[in-house]
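Beneath this line is the structure, given in structure tokens, with notes to follow.
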Amino acid sequence: MCSDILKEKLSDRGIATKIFFESHAGIADRVRQFLPCGKVLLLADESEAKLMGRLRGYFAGFRVLCVLFGKTDKAAGLFSLPDDVRMVVAAGERSAAAARFFCTLRGAFCIVLPLSPTARGLFCRESTEGNYPVKEPDAVLFDEQIARADRALALAETALCAVLADDTDIDAAFTGERREKGYSFLRTAESLCESAASPREIFAASTVYHLALREFSAYPAFIFARLAKERFSLSEGAAAFHALRFFAARHVQLFSAGKLRPYFVADYPARLERAAKAAGKEAFSALRIPTAEECFSRAGIFSECREHFALAAGLTAHFVQSVSERYFLLGGAKEQFFAEGAEELYELAADLSPLYSVGAIERDFGAAPARRARAAGSIDAKRAFSSPSLSAERTGARDLSETDARSGSERAIG
């Protein structure tokens, strides 16, 4: 099932990468499908010397170069290698990014061996070094036996798709513009994530999630996670886990108990100054001050659609609870949430995103909830649902409610 879904989603994005779920012992056979003979570069993260030794033993008949890619190494250093390297087999996230850059410029084939169940860096459009356009890997060979590290963090990172999809729905209702972009991919990733526990299942969900981010990634929750990673020195997964819980709680609070102040005017100059310090001139295109007409229109949309979005927020809250339980079962750290700086990052993320999100509604209508501990990310499932029967058939309920909300929001906008 995972393979079929991935093949379909890769095809939808026009990506020719082949994904194999099998033992890494067959890597040489996969290489021969692209390069029957010739010079092969084995590139691995510096902590994977033992794996490099095993891989080297599989390549009888090839001329093989072996390079361990250090934490401070740059992809540009690979261009000192011979010109006749025609294939790179990369093991590890940093090595994969470097291999994609090298293979794009050298016209070589690229096969990636993930060492954790995340697809981060495999399908982004640009290199992490210099924002240079890079081609996708020709193949990904996923072996559960060597890709078991950081399962909890990969799950948390991928689960953020639920909040991103909800924000897409909210933006559509309040602006009248349907920004499809990666929306269907986000919902597919969410569906895969609901029961994902094995490395293979998490990787499949992660792949679809990162395919969604190829088209658009300036979601408030995604920006929040990036800012939190930088400010609090967190991993991508840990930052995403905190963002997931924080945003899900704020969605529930706004649509279940939030009260708008129609004549409220935010301190836009101060917020714009703060956003400009964080993102430069890009902030001026993201933060848009609504007109009086837009404010009154959006207040009406909020009244008409809040029941739908309260339901959607409750569904997401249950999803987050399920993910949280698996996150800790898989060894996720029970870190103290960074409550002190979270509110500032939350407001900043709303100002840096072009989407009209929960944070933007709170900003424009002064509807931010009281600073309670529950706002710092803990989710009360009993409060999230107005009826216990809603816990059944989560996906079906979401599909039905989305249809109702779209028609309702269209009436409100019209």
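Going by the structure tokens order, chains are called A, B, ..., each with residues numbered from 1, while ligands are numbered from 1 in the order shown.
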Residues of segment 76-146 of chain A within 9 Å of segment 48-66 of chain A: nearest atom pair and distance (Å, one decimal) for each, counting only C-alpha atoms, sorted by chain and number, as a tab-separated table?
```
residue	atom	partner	partner_atom	distance
A:Leu81	CA	A:Leu65	CA	8.9
A:Val85	CA	A:Leu65	CA	8.7
A:Ala91	CA	A:Glu48	CA	8.1
A:Gly92	CA	A:Glu48	CA	8.3
A:Ile146	CA	A:Leu51	CA	8.9
```
When you look at Glu325 of chain A with a cut-off of 12 Å (counting only C-alpha atoms), what residues show up, excluding the ones that are within fewer than 5 positions of it in the same chain? I need them as a VMD selection string.
chain A and resid 152 155 to 156 194 to 197 241 318 to 320 330 to 334
May I have the selected residues written with C-alpha atoms, as a compact mmCIF listing (two decimals), in the first residue's frame?
```txt
# COMPACT_ATOMS: atom_id res chain seq x y z
CA ALA A 152 9.97 9.61 17.29
CA LEU A 155 6.93 11.01 13.35
CA ALA A 156 6.56 14.36 15.11
CA GLU A 194 -2.56 8.28 11.97
CA SER A 195 -1.36 4.73 12.55
CA ALA A 196 2.29 4.94 11.49
CA ALA A 197 4.66 3.23 13.93
CA PHE A 241 6.54 18.35 18.03
CA HIS A 318 -7.27 13.77 19.00
CA PHE A 319 -4.78 13.18 16.20
CA VAL A 320 -2.12 15.05 18.20
CA LEU A 330 9.21 5.48 20.38
CA GLY A 331 11.59 7.18 22.79
CA GLY A 332 10.79 10.85 22.23
CA ALA A 333 12.24 13.10 24.94
CA LYS A 334 9.85 14.53 27.50
```
Which residues in segment 50-210 of chain A does DSSP call strand (DSSP E or B)? List them as a ChimeraX atom specification.
/A:63-69,85-91,109-113,126,133,139-142
Mind dumping a table of every segment 141-214 of chain A residue within 8 Å of segment 301-309 of chain A, with the nearest atom pair and its distance in Å to one decimal, using only C-alpha atoms, sorted by chain and rising number, as a Markdown table?
```
| residue | atom | partner | partner_atom | distance |
| --- | --- | --- | --- | --- |
| A:Ile170 | CA | A:Phe309 | CA | 7.8 |
| A:Ala173 | CA | A:Ile301 | CA | 7.4 |
| A:Phe174 | CA | A:Ile301 | CA | 6.6 |
```
Okay, now the selection with C-alpha atoms, as a CSV table (one decimal), in the first residue's frame?
```
chain,number,residue,atom,x,y,z
A,170,ILE,CA,-8.9,28.5,7.4
A,173,ALA,CA,-12.6,30.3,4.2
A,174,PHE,CA,-11.4,33.8,5.3
```
Could you jot down the atom CA of Ala44 of chain A to atom CA of Asp29 of chain A separation for me, Å, one decimal place?
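These atoms are spaced 19.0 Å apart.
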If we count only C-alpha atoms, what is near His24 of chain A at a cut-off of 7 Å, once residues fewer than 3 positions away on the same chain are taken out, given as a PyMOL selection string?
chain A and resi 27+141+143
With only C-alpha atoms as the counted atoms, please give the residues lying no more than 6 Å from segment 118-125 of chain A, apart from itself and same-chain residues fewer than 6 positions off, as a compact mmCIF listing (two decimals) with C-alpha atoms, in the first residue's frame.
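What landed in part_15.txt:
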```txt
# COMPACT_ATOMS: atom_id res chain seq x y z
CA PRO A 133 18.48 23.97 -8.01
CA GLU A 136 16.02 14.46 -7.14
CA ALA A 154 10.50 11.77 12.26
CA PHE A 203 9.02 7.16 6.04
CA SER A 206 7.28 11.71 5.69
CA THR A 207 7.86 11.41 1.95
CA ARG A 214 8.04 21.39 -2.36
```
Would you kindly return, as a PyMOL selection string, each protein, DNA or RNA residue with an atom no farther than 10 Å from any atom of Gly359 of chain A, considering only C-alpha atoms and excluding same-chain residues fewer than 3 positions away?
chain A and resi 167+220-221+247+250-251+254+346-351+353+355-356+362-364+367-368
Export C-alpha atoms of the chosen residues as a JSON list (two decimals), in the first residue's frame?
```json
[["chain", "number", "residue", "atom", "x", "y", "z"],
["A", 167, "ASP", "CA", -4.45, 26.39, 8.26],
["A", 220, "PRO", "CA", 2.81, 29.60, 10.32],
["A", 221, "ALA", "CA", 3.42, 26.34, 12.20],
["A", 247, "PHE", "CA", -0.82, 25.22, 17.36],
["A", 250, "ARG", "CA", -4.56, 27.40, 19.98],
["A", 251, "HIS", "CA", -6.90, 26.23, 17.21],
["A", 254, "LEU", "CA", -9.98, 30.15, 19.38],
["A", 346, "TYR", "CA", 3.79, 32.30, 17.54],
["A", 347, "GLU", "CA", 2.98, 35.94, 16.80],
["A", 348, "LEU", "CA", 6.06, 36.30, 14.61],
["A", 349, "ALA", "CA", 5.15, 33.19, 12.61],
["A", 350, "ALA", "CA", 1.68, 34.60, 11.90],
["A", 351, "ASP", "CA", 3.24, 37.85, 10.65],
["A", 353, "SER", "CA", 3.25, 33.78, 6.69],
["A", 355, "LEU", "CA", -1.72, 32.55, 5.03],
["A", 356, "TYR", "CA", -4.60, 34.00, 7.02],
["A", 362, "GLU", "CA", -5.99, 36.63, 16.97],
["A", 363, "ARG", "CA", -3.82, 39.51, 15.81],
["A", 364, "ASP", "CA", -6.46, 41.37, 13.80],
["A", 367, "ALA", "CA", -8.70, 37.42, 20.25],
["A", 368, "ALA", "CA", -5.58, 35.90, 21.82]]
```
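For the choices A:Ser322, A:Ser285, A:Thr158, A:Ser80, the atom-to-atom distance to Ala239 of chain A is smallest for A:Thr158 when using only C-alpha atoms.
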Looking at only C-alpha atoms, which of A:Gln253, A:Ser23, A:Ser184, A:Thr316 is the one that sits closest to Pro114 of chain A?
A:Ser23
With DSSP run on the backbone, what are the helix (DSSP H, G or I) residues within segment 144-331 of chain A? I'd like them as a ChimeraX atom specification.
/A:151-159,161-175,183-193,199-213,220-232,236-257,268-286,292-329
Test item: residues at most 6 Å from Ala147 of chain A, only C-alpha atoms, excluding those fewer than 4 positions along its chain, as a PDB file with N, CA and C atoms, in the first residue's frame:
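Writing done, so here's part37.pdb:
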```pdb
ATOM      1  N   LEU A 115      19.072   6.838   6.809  1.00  0.00           N
ATOM      2  CA  LEU A 115      19.452   6.211   8.072  1.00  0.00           C
ATOM      3  C   LEU A 115      18.451   6.517   9.181  1.00  0.00           C
ATOM      4  N   SER A 116      17.391   7.229   8.848  1.00  0.00           N
ATOM      5  CA  SER A 116      16.273   7.463   9.753  1.00  0.00           C
ATOM      6  C   SER A 116      15.021   7.589   8.884  1.00  0.00           C
ATOM      7  N   PRO A 117      13.833   7.374   9.452  1.00  0.00           N
ATOM      8  CA  PRO A 117      12.620   7.353   8.627  1.00  0.00           C
ATOM      9  C   PRO A 117      12.072   8.734   8.289  1.00  0.00           C
TER      10      PRO A 117
END
```
Which of these residues is nearest to Ala205 of chain A, using only C-alpha atoms: A:Cys37, A:Leu234, A:Leu311, A:Cys161?
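Nearest to Ala205 of chain A: A:Cys161.
Remark: for Ser127 of chain A, the closest of the candidate residues A:Val112, A:Leu329, A:Ala76, A:Ala165 is A:Ala76 (distances computed over only C-alpha atoms).
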Nearest to Ile361 of chain A, chosen from A:Lys277, A:Arg261, A:Arg326, A:Arg179, with only C-alpha atoms counted in the distances:
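Closest to Ile361 of chain A of all the choices is A:Arg261.
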Quick check, in Å to one decimal: how far apart do atom CA of Gly314 of chain A and atom CA of Ala240 of chain A lie?
19.3 Å
Atom CA of Glu294 of chain A to atom CA of Ala257 of chain A, straight-line distance in Å
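We find that atom CA of Ala257 of chain A and atom CA of Glu294 of chain A lie 22.3 Å from each other.
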